[in-house]
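To be precise, the following lines are query_18.tsv, and they hold TSV, C-alpha atoms.
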chain	number	residue	atom	x	y	z
A	1	MET	CA	40.88	-8.78	-58.38
A	2	THR	CA	42.03	-6.69	-55.50
A	3	THR	CA	41.62	-7.49	-51.85
A	4	PRO	CA	39.17	-5.14	-50.18
A	5	LEU	CA	40.91	-2.59	-48.04
A	6	VAL	CA	38.33	-3.14	-45.30
A	7	HIS	CA	39.73	-5.71	-42.94
A	8	GLU	CA	38.15	-7.52	-40.03
A	9	PRO	CA	39.60	-6.34	-36.75
A	10	SER	CA	41.01	-9.13	-34.61
A	11	ALA	CA	39.44	-7.60	-31.53
A	12	LEU	CA	36.31	-5.55	-30.89
A	13	ALA	CA	36.55	-2.43	-28.77
A	14	LEU	CA	33.45	-2.25	-26.57
A	15	THR	CA	32.28	0.00	-23.80
A	16	VAL	CA	30.88	-2.13	-20.99
A	17	ASN	CA	29.40	-0.39	-17.95
A	18	GLY	CA	31.26	2.74	-18.87
A	19	ASP	CA	34.69	1.17	-19.23
A	20	PRO	CA	36.57	0.13	-22.38
A	21	ARG	CA	36.82	-3.62	-22.84
A	22	SER	CA	37.89	-5.68	-25.82
A	23	VAL	CA	36.67	-9.07	-26.97
A	24	ALA	CA	37.71	-11.33	-29.83
A	25	ALA	CA	36.17	-10.58	-33.20
A	26	GLY	CA	33.09	-12.69	-33.78
A	27	SER	CA	32.13	-12.74	-30.11
A	28	SER	CA	28.47	-13.02	-29.22
A	29	LEU	CA	26.77	-11.52	-26.21
A	30	SER	CA	26.85	-14.93	-24.58
A	31	ASP	CA	30.61	-15.06	-25.09
A	32	LEU	CA	31.00	-11.69	-23.39
A	33	LEU	CA	28.90	-12.71	-20.39
A	34	ALA	CA	30.81	-15.96	-20.10
A	35	SER	CA	34.14	-14.13	-20.18
A	36	LEU	CA	32.86	-11.88	-17.39
A	37	LYS	CA	31.66	-14.94	-15.45
A	38	LEU	CA	28.11	-13.60	-15.31
A	39	ASP	CA	25.01	-15.78	-15.11
A	40	PRO	CA	22.66	-14.48	-17.85
A	41	ARG	CA	19.64	-15.27	-15.66
A	42	LEU	CA	20.80	-12.84	-12.99
A	43	VAL	CA	21.60	-9.80	-15.12
A	44	VAL	CA	19.87	-7.55	-17.61
A	45	VAL	CA	21.72	-6.31	-20.68
A	46	GLU	CA	21.18	-3.11	-22.58
A	47	HIS	CA	22.88	-3.22	-26.01
A	48	ASN	CA	23.36	0.14	-27.70
A	49	ARG	CA	20.44	1.51	-25.65
A	50	THR	CA	18.15	-1.40	-26.53
A	51	ILE	CA	17.09	-3.53	-23.57
A	52	LEU	CA	17.35	-7.23	-24.40
A	53	ARG	CA	14.42	-9.05	-22.86
A	54	ASP	CA	14.95	-12.43	-24.55
A	55	ARG	CA	17.87	-14.24	-22.92
A	56	ASP	CA	17.53	-17.13	-25.37
A	57	ALA	CA	18.68	-14.76	-28.12
A	58	TYR	CA	22.00	-13.91	-26.44
A	59	PRO	CA	24.06	-16.55	-28.32
A	60	SER	CA	22.92	-15.11	-31.64
A	61	ILE	CA	23.58	-11.48	-30.79
A	62	ALA	CA	26.84	-10.57	-32.51
A	63	LEU	CA	28.91	-7.82	-30.95
A	64	ALA	CA	30.39	-5.11	-33.13
A	65	ASP	CA	33.27	-2.69	-32.76
A	66	GLY	CA	32.12	0.37	-30.80
A	67	ASP	CA	29.13	-1.31	-29.15
A	68	VAL	CA	28.01	0.15	-25.85
A	69	LEU	CA	26.67	-2.29	-23.29
A	70	GLU	CA	25.18	-1.82	-19.87
A	71	ILE	CA	24.94	-4.88	-17.65
A	72	VAL	CA	22.81	-4.37	-14.56
A	73	HIS	CA	21.42	-6.42	-11.72
A	74	PHE	CA	19.39	-5.99	-8.55
A	75	VAL	CA	21.16	-4.76	-5.44
A	76	GLY	CA	19.94	-3.76	-1.99
A	77	GLY	CA	17.85	-0.61	-1.93
A	78	GLY	CA	14.87	1.07	-0.36
B	1	MET	CA	-4.09	-10.57	24.89
B	2	THR	CA	-2.05	-10.90	21.75
B	3	ALA	CA	-3.89	-11.41	18.51
B	4	SER	CA	-2.60	-14.42	16.59
B	5	PRO	CA	-1.99	-13.94	12.84
B	6	VAL	CA	-5.24	-15.76	12.12
B	7	ALA	CA	-7.19	-13.48	14.42
B	8	LEU	CA	-5.56	-10.46	12.80
B	9	GLU	CA	-6.79	-11.47	9.37
B	10	ALA	CA	-10.30	-11.73	10.72
B	11	LEU	CA	-10.03	-8.23	12.16
B	12	ASP	CA	-8.67	-6.56	9.04
B	13	THR	CA	-9.84	-6.15	5.46
B	14	PRO	CA	-7.90	-7.63	2.50
B	15	PHE	CA	-4.96	-5.53	1.34
B	16	VAL	CA	-5.20	-5.28	-2.44
B	17	ILE	CA	-3.09	-3.20	-4.84
B	18	GLY	CA	-3.55	-3.32	-8.60
B	19	GLY	CA	-5.68	-6.47	-8.35
B	20	ARG	CA	-3.17	-8.41	-6.26
B	21	GLU	CA	-3.75	-9.23	-2.61
B	22	PHE	CA	-0.83	-8.88	-0.21
B	23	ARG	CA	-0.51	-10.54	3.17
B	24	SER	CA	1.46	-7.82	4.94
B	25	ARG	CA	0.85	-4.08	5.11
B	26	LEU	CA	4.54	-3.61	5.88
B	27	MET	CA	6.90	-3.42	2.91
B	28	VAL	CA	10.63	-3.24	3.46
B	29	GLY	CA	13.79	-2.24	1.64
B	30	THR	CA	17.00	-4.24	1.35
B	31	GLY	CA	19.63	-1.50	1.55
B	32	LYS	CA	22.12	-0.48	4.22
B	33	TYR	CA	22.32	-3.77	6.13
B	34	ALA	CA	25.61	-4.81	7.72
B	35	SER	CA	25.40	-8.18	5.97
B	36	ASN	CA	23.13	-10.17	3.71
B	37	GLN	CA	22.46	-12.59	6.58
B	38	GLN	CA	21.26	-9.71	8.75
B	39	MET	CA	19.11	-8.41	5.91
B	40	ILE	CA	17.37	-11.76	5.42
B	41	ALA	CA	16.79	-12.21	9.15
B	42	ALA	CA	15.33	-8.71	9.44
B	43	ILE	CA	13.04	-9.19	6.44
B	44	GLU	CA	11.78	-12.46	7.88
B	45	ALA	CA	11.18	-10.81	11.26
B	46	SER	CA	9.26	-8.00	9.57
B	47	GLY	CA	6.82	-10.45	7.98
B	48	ALA	CA	7.00	-8.40	4.76
B	49	GLU	CA	6.04	-9.97	1.47
B	50	VAL	CA	7.10	-7.04	-0.72
B	51	VAL	CA	10.79	-6.16	-0.64
B	52	THR	CA	12.32	-3.38	-2.67
B	53	VAL	CA	15.54	-3.67	-4.65
B	54	ALA	CA	17.56	-1.21	-6.73
B	55	VAL	CA	18.92	-1.55	-10.28
B	56	ARG	CA	22.63	-0.91	-10.63
B	57	ARG	CA	25.55	-1.74	-12.90
B	58	VAL	CA	27.24	-5.05	-12.19
B	59	ASP	CA	30.71	-4.32	-10.81
B	60	LEU	CA	32.76	-6.21	-13.38
B	61	ASP	CA	36.04	-6.00	-11.48
B	62	ARG	CA	34.87	-7.40	-8.17
B	63	THR	CA	34.14	-11.11	-8.15
B	64	LYS	CA	32.65	-10.87	-4.63
B	65	ASP	CA	30.03	-8.36	-5.69
B	66	GLU	CA	27.03	-10.64	-5.97
B	67	GLY	CA	23.59	-9.40	-6.85
B	68	ILE	CA	20.81	-9.64	-4.33
B	69	LEU	CA	19.24	-12.57	-6.16
B	70	TYR	CA	21.91	-14.76	-4.58
B	71	HIS	CA	20.27	-14.03	-1.23
B	72	LEU	CA	16.59	-13.27	-1.84
B	73	ASP	CA	14.35	-15.94	-3.31
B	74	PRO	CA	11.93	-14.33	-5.80
B	75	GLN	CA	9.54	-17.21	-5.12
B	76	ARG	CA	9.29	-16.26	-1.44
B	77	PHE	CA	9.25	-12.49	-1.70
B	78	MET	CA	7.78	-10.15	-4.25
B	79	LEU	CA	10.74	-8.18	-5.55
B	80	LEU	CA	9.74	-4.59	-6.13
B	81	ALA	CA	12.34	-2.75	-8.19
B	82	ASN	CA	12.78	0.91	-7.45
B	83	THR	CA	14.16	3.70	-9.60
B	84	ALA	CA	16.18	5.23	-6.77
B	85	GLY	CA	18.87	7.60	-7.91
B	86	CYS	CA	17.02	8.79	-11.00
B	87	PHE	CA	16.62	12.54	-11.47
B	88	THR	CA	14.73	12.71	-14.78
B	89	ALA	CA	11.62	11.05	-16.19
B	90	ASP	CA	13.68	9.55	-19.05
B	91	ASP	CA	16.21	7.94	-16.71
B	92	THR	CA	13.43	6.65	-14.51
B	93	ILE	CA	11.64	5.06	-17.46
B	94	ARG	CA	14.90	3.43	-18.59
B	95	TYR	CA	15.53	1.95	-15.12
B	96	ALA	CA	11.94	0.69	-14.87
B	97	ARG	CA	12.27	-1.05	-18.24
B	98	LEU	CA	15.60	-2.60	-17.22
B	99	ALA	CA	13.98	-3.87	-14.02
B	100	ARG	CA	11.10	-5.41	-15.91
B	101	ALA	CA	13.53	-7.17	-18.24
B	102	ALA	CA	14.85	-9.04	-15.20
B	103	GLY	CA	11.67	-11.00	-15.70
B	104	PHE	CA	10.06	-11.13	-12.27
B	105	ASN	CA	7.04	-8.83	-12.52
B	106	GLU	CA	5.54	-5.68	-13.98
B	107	TRP	CA	5.66	-3.71	-10.75
B	108	VAL	CA	7.92	-0.74	-10.12
B	109	LYS	CA	8.39	1.62	-7.21
B	110	LEU	CA	8.77	4.79	-9.17
B	111	GLU	CA	10.81	7.56	-7.69
B	112	VAL	CA	12.20	10.61	-9.43
B	113	ILE	CA	14.34	12.68	-7.13
B	114	GLY	CA	14.18	16.44	-7.57
B	115	ASP	CA	16.90	17.60	-5.20
B	116	GLN	CA	20.14	15.93	-4.18
B	117	GLN	CA	20.26	17.40	-0.69
B	118	THR	CA	16.74	16.66	0.52
B	119	LEU	CA	15.99	13.77	-1.86
B	120	LEU	CA	12.51	15.21	-2.18
B	121	PRO	CA	10.58	13.87	-5.18
B	122	ASP	CA	10.04	15.71	-8.47
B	123	ALA	CA	6.28	15.41	-8.75
B	124	ALA	CA	6.02	16.68	-12.34
B	125	ALA	CA	8.63	14.20	-13.61
B	126	THR	CA	7.05	11.39	-11.59
B	127	ILE	CA	3.65	12.07	-13.13
B	128	GLU	CA	5.21	12.11	-16.63
B	129	ALA	CA	7.04	8.81	-16.06
B	130	THR	CA	3.97	7.22	-14.48
B	131	ARG	CA	1.87	8.03	-17.54
B	132	VAL	CA	4.43	6.46	-19.92
B	133	LEU	CA	5.01	3.33	-17.85
B	134	ALA	CA	1.34	2.72	-17.00
B	135	ALA	CA	0.60	2.80	-20.73
B	136	GLU	CA	3.29	0.12	-21.20
B	137	GLY	CA	1.54	-2.14	-18.72
B	138	PHE	CA	3.63	-1.41	-15.67
B	139	LYS	CA	1.99	-1.45	-12.26
B	140	VAL	CA	3.39	1.81	-10.97
B	141	MET	CA	3.68	2.47	-7.25
B	142	ALA	CA	4.50	6.15	-7.26
B	143	TYR	CA	6.61	7.75	-4.53
B	144	THR	CA	5.67	11.38	-4.02
B	145	ASN	CA	5.36	14.31	-1.65
B	146	ASP	CA	2.67	14.59	1.01
B	147	ASP	CA	0.81	16.81	-1.44
B	148	LEU	CA	-2.78	16.08	-2.41
B	149	ILE	CA	-2.62	17.55	-5.90
B	150	SER	CA	0.47	15.53	-6.90
B	151	ALA	CA	-1.21	12.42	-5.50
B	152	LEU	CA	-4.39	13.06	-7.49
B	153	ARG	CA	-2.40	13.62	-10.67
B	154	LEU	CA	-0.48	10.37	-10.14
B	155	GLU	CA	-3.71	8.46	-9.69
B	156	ASP	CA	-5.01	10.07	-12.87
B	157	ALA	CA	-1.77	9.13	-14.70
B	158	GLY	CA	-2.42	5.47	-13.93
B	159	ALA	CA	-0.52	4.68	-10.71
B	160	VAL	CA	-1.86	1.56	-8.96
B	161	CYS	CA	-1.00	3.16	-5.64
B	162	VAL	CA	0.43	6.43	-4.44
B	163	MET	CA	3.23	6.55	-1.90
B	164	PRO	CA	3.55	9.88	-0.10
B	165	LEU	CA	6.47	10.37	2.25
B	166	ALA	CA	6.13	10.68	6.02
B	167	SER	CA	9.38	12.70	6.01
B	168	PRO	CA	12.52	12.73	3.81
B	169	ILE	CA	14.20	9.45	2.81
B	170	GLY	CA	16.49	8.13	5.51
B	171	SER	CA	15.67	10.98	7.91
B	172	GLY	CA	13.84	8.94	10.55
B	173	LEU	CA	11.81	12.04	11.44
B	174	GLY	CA	8.50	10.19	11.44
B	175	MET	CA	5.20	11.66	10.31
B	176	LEU	CA	5.57	15.39	9.71
B	177	ASN	CA	2.10	16.16	8.36
B	178	GLU	CA	-0.67	13.86	9.52
B	179	PHE	CA	-3.29	16.16	8.06
B	180	ALA	CA	-1.77	15.94	4.57
B	181	ILE	CA	-1.56	12.15	4.68
B	182	ARG	CA	-5.16	11.82	5.88
B	183	THR	CA	-6.31	14.21	3.17
B	184	ILE	CA	-4.58	12.15	0.48
B	185	LYS	CA	-6.10	8.95	1.86
B	186	HIS	CA	-9.58	10.47	1.94
B	187	ARG	CA	-9.43	11.73	-1.61
B	188	LEU	CA	-7.73	8.92	-3.53
B	189	SER	CA	-9.41	5.79	-4.82
B	190	VAL	CA	-6.17	3.82	-5.21
B	191	PRO	CA	-4.37	2.56	-2.10
B	192	VAL	CA	-2.05	4.92	-0.23
B	193	ILE	CA	1.24	3.53	1.10
B	194	VAL	CA	3.37	5.86	3.19
B	195	ASP	CA	6.98	5.54	2.05
B	196	ALA	CA	10.05	7.00	3.78
B	197	GLY	CA	10.72	8.73	7.07
B	198	VAL	CA	9.68	6.12	9.63
B	199	GLY	CA	12.33	6.07	12.37
B	200	THR	CA	10.92	3.82	15.07
B	201	ALA	CA	7.91	1.67	15.88
B	202	SER	CA	5.71	4.47	17.20
B	203	ASP	CA	6.19	6.32	13.89
B	204	ALA	CA	4.89	3.27	12.04
B	205	ALA	CA	1.88	3.01	14.32
B	206	ILE	CA	1.10	6.71	13.85
B	207	VAL	CA	1.34	6.28	10.07
B	208	MET	CA	-1.11	3.39	10.11
B	209	GLU	CA	-3.46	5.20	12.50
B	210	GLN	CA	-4.05	7.77	9.73
B	211	GLY	CA	-5.95	5.07	7.86
B	212	VAL	CA	-3.45	4.52	5.06
B	213	ASP	CA	-3.22	1.08	3.48
B	214	GLY	CA	0.39	0.29	4.23
B	215	VAL	CA	3.88	1.55	4.92
B	216	LEU	CA	7.27	1.04	3.27
B	217	MET	CA	10.52	1.50	5.14
B	218	ASN	CA	14.20	0.63	4.91
B	219	THR	CA	16.53	2.74	7.05
B	220	GLY	CA	14.22	2.62	10.08
B	221	ILE	CA	14.98	-1.08	10.32
B	222	ALA	CA	18.41	-1.37	8.70
B	223	ALA	CA	19.99	1.48	10.68
B	224	ALA	CA	18.62	0.37	14.07
B	225	GLN	CA	21.19	-0.92	16.56
B	226	ASP	CA	19.45	-4.30	16.33
B	227	PRO	CA	17.65	-4.54	12.99
B	228	ILE	CA	16.01	-7.89	13.73
B	229	ARG	CA	14.39	-6.63	16.96
B	230	MET	CA	13.36	-3.42	15.20
B	231	ALA	CA	11.86	-5.37	12.28
B	232	THR	CA	9.77	-7.30	14.78
B	233	ALA	CA	8.75	-4.05	16.49
B	234	MET	CA	7.76	-2.57	13.12
B	235	ARG	CA	5.65	-5.61	12.28
B	236	LEU	CA	3.78	-5.31	15.57
B	237	ALA	CA	3.47	-1.52	15.27
B	238	VAL	CA	2.00	-1.70	11.77
B	239	ASP	CA	-0.57	-4.23	12.96
B	240	ALA	CA	-1.25	-2.18	16.11
B	241	GLY	CA	-1.69	1.06	14.19
B	242	ARG	CA	-3.90	-0.60	11.60
B	243	LEU	CA	-6.15	-2.16	14.23
B	244	ALA	CA	-6.31	1.07	16.21
B	245	TYR	CA	-7.44	2.86	13.06
B	246	LEU	CA	-10.10	0.24	12.34
B	247	ALA	CA	-11.20	0.24	15.97
B	248	GLY	CA	-11.73	4.02	15.93
B	249	ARG	CA	-10.12	5.96	18.73
B	250	MET	CA	-12.03	7.61	21.59
B	251	PRO	CA	-12.77	11.31	21.25
B	252	ARG	CA	-10.11	13.67	22.56
B	253	ARG	CA	-11.27	15.72	25.58
B	254	GLU	CA	-9.52	18.62	27.20
B	255	VAL	CA	-10.94	17.60	30.60
B	256	ALA	CA	-10.54	14.52	32.75
B	257	VAL	CA	-13.40	12.03	32.92
B	258	PRO	CA	-13.17	9.43	35.70
B	259	SER	CA	-13.07	5.79	34.71
B	260	SER	CA	-14.30	4.53	38.10
B	261	PRO	CA	-17.76	5.15	39.62
B	262	THR	CA	-18.16	8.49	41.38
B	263	THR	CA	-20.88	7.06	43.62
B	264	GLY	CA	-20.50	4.66	46.57
B	265	MET	CA	-17.58	6.47	48.14
B	266	LEU	CA	-17.13	6.05	51.92
B	267	ASP	CA	-18.25	8.79	54.38
B	268	ARG	CA	-20.21	10.74	51.76

Could you quickly redo this structure as C-alpha cells?
Amino acid sequence: MTTPLVHEPSALALTVNGDPRSVAAGSSLSDLLASLKLDPRLVVVEHNRTILRDRDAYPSIALADGDVLEIVHFVGGG
Amino acid sequence: MTASPVALEALDTPFVIGGREFRSRLMVGTGKYASNQQMIAAIEASGAEVVTVAVRRVDLDRTKDEGILYHLDPQRFMLLANTAGCFTADDTIRYARLARAAGFNEWVKLEVIGDQQTLLPDAAATIEATRVLAAEGFKVMAYTNDDLISALRLEDAGAVCVMPLASPIGSGLGMLNEFAIRTIKHRLSVPVIVDAGVGTASDAAIVMEQGVDGVLMNTGIAAAQDPIRMATAMRLAVDAGRLAYLAGRMPRREVAVPSSPTTGMLDR
C-alpha cells in the first residue's frame, strides 16, 4: 500500500470579487461569507459563473481550490 | 386651489405596468446623494414608489461600505434593479439575473450602454437582452433612445414598458425631442416612461405634458442644491404635467385674443 501522492491542500486559493483570497480547506460558502462578515440575506453570490439563488444551500456548498466567486449587492444608482 | 392626493386620484387614470398598479408616476434613482439620510428624505418627498438601485461588487475591504438595503426598506419601496454600466447584452443579462437572485422581484430596468462618452443606449443589444430576459419571466423596463423603431422592437421583444430618454443620462438638458416622445407614445401599446435628462421641475412637467405614462429621474433631484425641495418640486411638476395633459391645452394662436369683453367700454 502506498499513500496517494495527491494531498489535500491546507488552504484553498479562491478569487473573490477579482482578488485572491484563501480559506481553510473544507470551507463552505457559508464559512466564507461569515469570515467576510457578510449577511447572506443582503448579498448575491455567483460561484464559478453560476448564480446561487437558494441561500439555504450555502452551508452545503463546498469551496474548491481555484473557485471564482462574485459577491454583489444593491447600491445607489439611477 | 391645490388638489389633495385624493382629488388627484379621481382626476387621473390608474397607472399600470405589466399588470401591477403603481401609485406614483414619478420613479426615482438612489445614486449621487451626499448621504443616505438625504437620499431617504428626498425619496420620501418625491412620493415615489419605485426606486432604482444598481448591482455592484461588495467592497470586501471596507467595513463601512454598506449596501443600500441597510437604508431602503423593500417593503415600503419597490426596488427596481438597473443594469447600469453594462455594455453588452451578455453582461446585461448576467446583471439582471444577479439582481433577481436578490429575491425581491422579477423587474429590471434594462440598460445597455453603447458609448462611454454620451452614455447613449445600444438599441440592438437592448432588444437582444430584452428578448432573452422576457422569456425567462423578467418584467423588463427597457431604457432606450427617443427612436420609434427601437421602441417598437423592444415592445415586440417583450418589454413591459419602454423608457426613452429625454436627453443623455445626467445631462439635465430636459426634453430634446418632444415630437419623438409623442410619436413613441402614440404608437406603443405598452406604457412609456421617460427616463434620463430631466434637470428641473419644468422639464418634468413638459415630459408629462407629452402624454407619457411616467418619468424616471435621479441626477435632477440628487444634484440639486437642495434635493429635498427639488424632489417636492418634481412630485408637483409630474402631477401638474399629467393633469395638464389630461385637461387638454388650449389651441396655440399667433394672434392675441382678449379675455375681457370688448363691449361696454366708456365713451364709445

Return as CSV the residues of chain A lying at most 10 Å from chain B, together with the closest atom-to-atom pair for each and the distance in Å to one decimal, counting all atoms listed in the file, with rows in chain order and ascending residue number.
residue,atom,partner,partner_atom,distance
A:Val16,CA,B:Leu60,CA,8.8
A:Asn17,CA,B:Arg57,CA,6.5
A:Gly18,CA,B:Arg57,CA,9.4
A:Asp19,CA,B:Leu60,CA,9.6
A:Leu36,CA,B:Leu60,CA,6.9
A:Lys37,CA,B:Thr63,CA,8.6
A:Leu38,CA,B:Leu60,CA,8.9
A:Pro40,CA,B:Ala102,CA,9.9
A:Arg41,CA,B:Ala102,CA,7.9
A:Leu42,CA,B:Leu69,CA,7.0
A:Val43,CA,B:Ala102,CA,6.8
A:Val44,CA,B:Ala102,CA,5.8
A:Val45,CA,B:Leu98,CA,7.9
A:Glu46,CA,B:Leu98,CA,7.8
A:Arg49,CA,B:Arg94,CA,9.2
A:Thr50,CA,B:Leu98,CA,9.7
A:Ile51,CA,B:Leu98,CA,6.6
A:Leu52,CA,B:Ala101,CA,7.2
A:Arg53,CA,B:Ala101,CA,5.1
A:Asp54,CA,B:Ala101,CA,8.3
A:Arg55,CA,B:Ala101,CA,9.5
A:Glu70,CA,B:Arg57,CA,7.0
A:Ile71,CA,B:Arg57,CA,5.7
A:Val72,CA,B:Arg57,CA,4.1
A:His73,CA,B:Val55,CA,5.7
A:Phe74,CA,B:Val55,CA,4.8
A:Val75,CA,B:Ile68,CA,5.0
A:Gly76,CA,B:Gly31,CA,4.2
A:Gly77,CA,B:Gly31,CA,4.0
A:Gly78,CA,B:Gly29,CA,4.0

**Item:** Near-range 20-22 of chain A list (10 Å; all atoms listed in the file; drop same-chain fewer than 6 positions) as a list in words
**Value:**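 Result of the neighbour search: Ser10, Ala11, Leu12, Ala13, Leu14, Leu32, Asp65, Gly66 and Val68 of chain A.
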
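Computed from the coordinates, the CA of Arg229 in chain B to CA of Gly199 in chain B distance equals 13.7 Å.
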
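Coordinates place CA of Gly172 in chain B at a distance of 17.9 Å from CA of Gln210 in chain B.
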
**Message:** Residues near Ile61 in chain A, anyone? I mean within 8 Å using all atoms listed in the file, not counting same-chain ones fewer than 3 positions away, as a ChimeraX atom specification.
**Reply:** /A:28-30,57-58

**Request:** Select, from B:Met230, B:Ala89, B:Ala134, B:Val162, the residue with the minimum atom-to-atom distance to Ala45 in chain B, counting only C-alpha atoms.
**Result:**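 Once distances to Ala45 in chain B are computed over only C-alpha atoms, the minimum belongs to B:Met230.
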
So that I can check the surroundings of range 21-25 of chain B, please list as a PDB file with C-alpha atoms, in the coordinates of the input every protein, DNA and RNA residue that reaches within 10 Å of it, counting only C-alpha atoms and ignoring chain neighbours fewer than 3 positions away.
ATOM      1  CA  GLU B   9      -6.790 -11.470   9.370  1.00  0.00           C
ATOM      2  CA  PRO B  14      -7.900  -7.630   2.500  1.00  0.00           C
ATOM      3  CA  PHE B  15      -4.960  -5.530   1.340  1.00  0.00           C
ATOM      4  CA  VAL B  16      -5.200  -5.280  -2.440  1.00  0.00           C
ATOM      5  CA  ILE B  17      -3.090  -3.200  -4.840  1.00  0.00           C
ATOM      6  CA  GLY B  18      -3.550  -3.320  -8.600  1.00  0.00           C
ATOM      7  CA  VAL B  28      10.630  -3.240   3.460  1.00  0.00           C
ATOM      8  CA  SER B  46       9.260  -8.000   9.570  1.00  0.00           C
ATOM      9  CA  GLY B  47       6.820 -10.450   7.980  1.00  0.00           C
ATOM     10  CA  ALA B  48       7.000  -8.400   4.760  1.00  0.00           C
ATOM     11  CA  GLU B  49       6.040  -9.970   1.470  1.00  0.00           C
ATOM     12  CA  VAL B  50       7.100  -7.040  -0.720  1.00  0.00           C
ATOM     13  CA  MET B  78       7.780 -10.150  -4.250  1.00  0.00           C
ATOM     14  CA  ILE B 193       1.240   3.530   1.100  1.00  0.00           C
ATOM     15  CA  MET B 208      -1.110   3.390  10.110  1.00  0.00           C
ATOM     16  CA  VAL B 212      -3.450   4.520   5.060  1.00  0.00           C
ATOM     17  CA  ASP B 213      -3.220   1.080   3.480  1.00  0.00           C
ATOM     18  CA  GLY B 214       0.390   0.290   4.230  1.00  0.00           C
ATOM     19  CA  VAL B 215       3.880   1.550   4.920  1.00  0.00           C
ATOM     20  CA  LEU B 216       7.270   1.040   3.270  1.00  0.00           C
ATOM     21  CA  ARG B 235       5.650  -5.610  12.280  1.00  0.00           C
ATOM     22  CA  VAL B 238       2.000  -1.700  11.770  1.00  0.00           C
ATOM     23  CA  ASP B 239      -0.570  -4.230  12.960  1.00  0.00           C
ATOM     24  CA  ARG B 242      -3.900  -0.600  11.600  1.00  0.00           C
TER      25      ARG B 242
END

**Message:** Between CA of Leu119 in chain B and CA of Gln38 in chain B, what distance in Å does the model show, to one decimal?
**Reply:** 26.3 Å

**Prompt:** Of the candidates A:Leu63, A:Asp39, A:Leu69, A:Asn48, which shows the shortest atom-to-atom distance to Ser27 in chain A, using all atoms listed in the file?
**Reply:**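 Closest residue, counting all atoms listed in the file: A:Leu63.
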
Would you mind completing range 16-33 of chain A to N, CA and C atoms and writing the output as a PDB file, keeping the file's coordinate frame?
ATOM      1  N   VAL A  16      31.749  -1.324 -21.847  1.00  0.00           N
ATOM      2  CA  VAL A  16      30.880  -2.130 -20.990  1.00  0.00           C
ATOM      3  C   VAL A  16      30.802  -1.466 -19.620  1.00  0.00           C
ATOM      4  N   ASN A  17      29.605  -1.090 -19.233  1.00  0.00           N
ATOM      5  CA  ASN A  17      29.400  -0.390 -17.950  1.00  0.00           C
ATOM      6  C   ASN A  17      30.347   0.795 -17.800  1.00  0.00           C
ATOM      7  N   GLY A  18      30.501   1.499 -18.900  1.00  0.00           N
ATOM      8  CA  GLY A  18      31.260   2.740 -18.870  1.00  0.00           C
ATOM      9  C   GLY A  18      32.752   2.609 -19.083  1.00  0.00           C
ATOM     10  N   ASP A  19      33.250   1.372 -19.091  1.00  0.00           N
ATOM     11  CA  ASP A  19      34.690   1.170 -19.230  1.00  0.00           C
ATOM     12  C   ASP A  19      35.009   0.464 -20.554  1.00  0.00           C
ATOM     13  N   PRO A  20      36.181   0.817 -21.144  1.00  0.00           N
ATOM     14  CA  PRO A  20      36.570   0.130 -22.380  1.00  0.00           C
ATOM     15  C   PRO A  20      36.916  -1.333 -22.090  1.00  0.00           C
ATOM     16  N   ARG A  21      36.543  -2.204 -23.017  1.00  0.00           N
ATOM     17  CA  ARG A  21      36.820  -3.620 -22.840  1.00  0.00           C
ATOM     18  C   ARG A  21      36.893  -4.211 -24.243  1.00  0.00           C
ATOM     19  N   SER A  22      37.821  -5.116 -24.485  1.00  0.00           N
ATOM     20  CA  SER A  22      37.890  -5.680 -25.820  1.00  0.00           C
ATOM     21  C   SER A  22      37.605  -7.175 -25.775  1.00  0.00           C
ATOM     22  N   VAL A  23      36.949  -7.637 -26.828  1.00  0.00           N
ATOM     23  CA  VAL A  23      36.670  -9.070 -26.970  1.00  0.00           C
ATOM     24  C   VAL A  23      37.125  -9.504 -28.355  1.00  0.00           C
ATOM     25  N   ALA A  24      37.278 -10.797 -28.537  1.00  0.00           N
ATOM     26  CA  ALA A  24      37.710 -11.330 -29.830  1.00  0.00           C
ATOM     27  C   ALA A  24      36.643 -11.051 -30.891  1.00  0.00           C
ATOM     28  N   ALA A  25      37.108 -10.781 -32.098  1.00  0.00           N
ATOM     29  CA  ALA A  25      36.170 -10.580 -33.200  1.00  0.00           C
ATOM     30  C   ALA A  25      35.293 -11.815 -33.332  1.00  0.00           C
ATOM     31  N   GLY A  26      34.021 -11.574 -33.637  1.00  0.00           N
ATOM     32  CA  GLY A  26      33.090 -12.690 -33.780  1.00  0.00           C
ATOM     33  C   GLY A  26      32.425 -13.106 -32.492  1.00  0.00           C
ATOM     34  N   SER A  27      32.730 -12.380 -31.398  1.00  0.00           N
ATOM     35  CA  SER A  27      32.130 -12.740 -30.110  1.00  0.00           C
ATOM     36  C   SER A  27      30.634 -12.432 -30.109  1.00  0.00           C
ATOM     37  N   SER A  28      29.898 -13.285 -29.438  1.00  0.00           N
ATOM     38  CA  SER A  28      28.470 -13.020 -29.220  1.00  0.00           C
ATOM     39  C   SER A  28      28.292 -12.435 -27.831  1.00  0.00           C
ATOM     40  N   LEU A  29      27.064 -12.024 -27.545  1.00  0.00           N
ATOM     41  CA  LEU A  29      26.770 -11.520 -26.210  1.00  0.00           C
ATOM     42  C   LEU A  29      26.988 -12.606 -25.160  1.00  0.00           C
ATOM     43  N   SER A  30      26.624 -13.822 -25.517  1.00  0.00           N
ATOM     44  CA  SER A  30      26.850 -14.930 -24.580  1.00  0.00           C
ATOM     45  C   SER A  30      28.326 -15.104 -24.276  1.00  0.00           C
ATOM     46  N   ASP A  31      29.161 -14.946 -25.297  1.00  0.00           N
ATOM     47  CA  ASP A  31      30.610 -15.060 -25.090  1.00  0.00           C
ATOM     48  C   ASP A  31      31.097 -13.995 -24.104  1.00  0.00           C
ATOM     49  N   LEU A  32      30.585 -12.777 -24.283  1.00  0.00           N
ATOM     50  CA  LEU A  32      31.000 -11.690 -23.390  1.00  0.00           C
ATOM     51  C   LEU A  32      30.608 -11.996 -21.940  1.00  0.00           C
ATOM     52  N   LEU A  33      29.359 -12.416 -21.756  1.00  0.00           N
ATOM     53  CA  LEU A  33      28.900 -12.710 -20.390  1.00  0.00           C
ATOM     54  C   LEU A  33      29.715 -13.844 -19.784  1.00  0.00           C
TER      55      LEU A  33
END
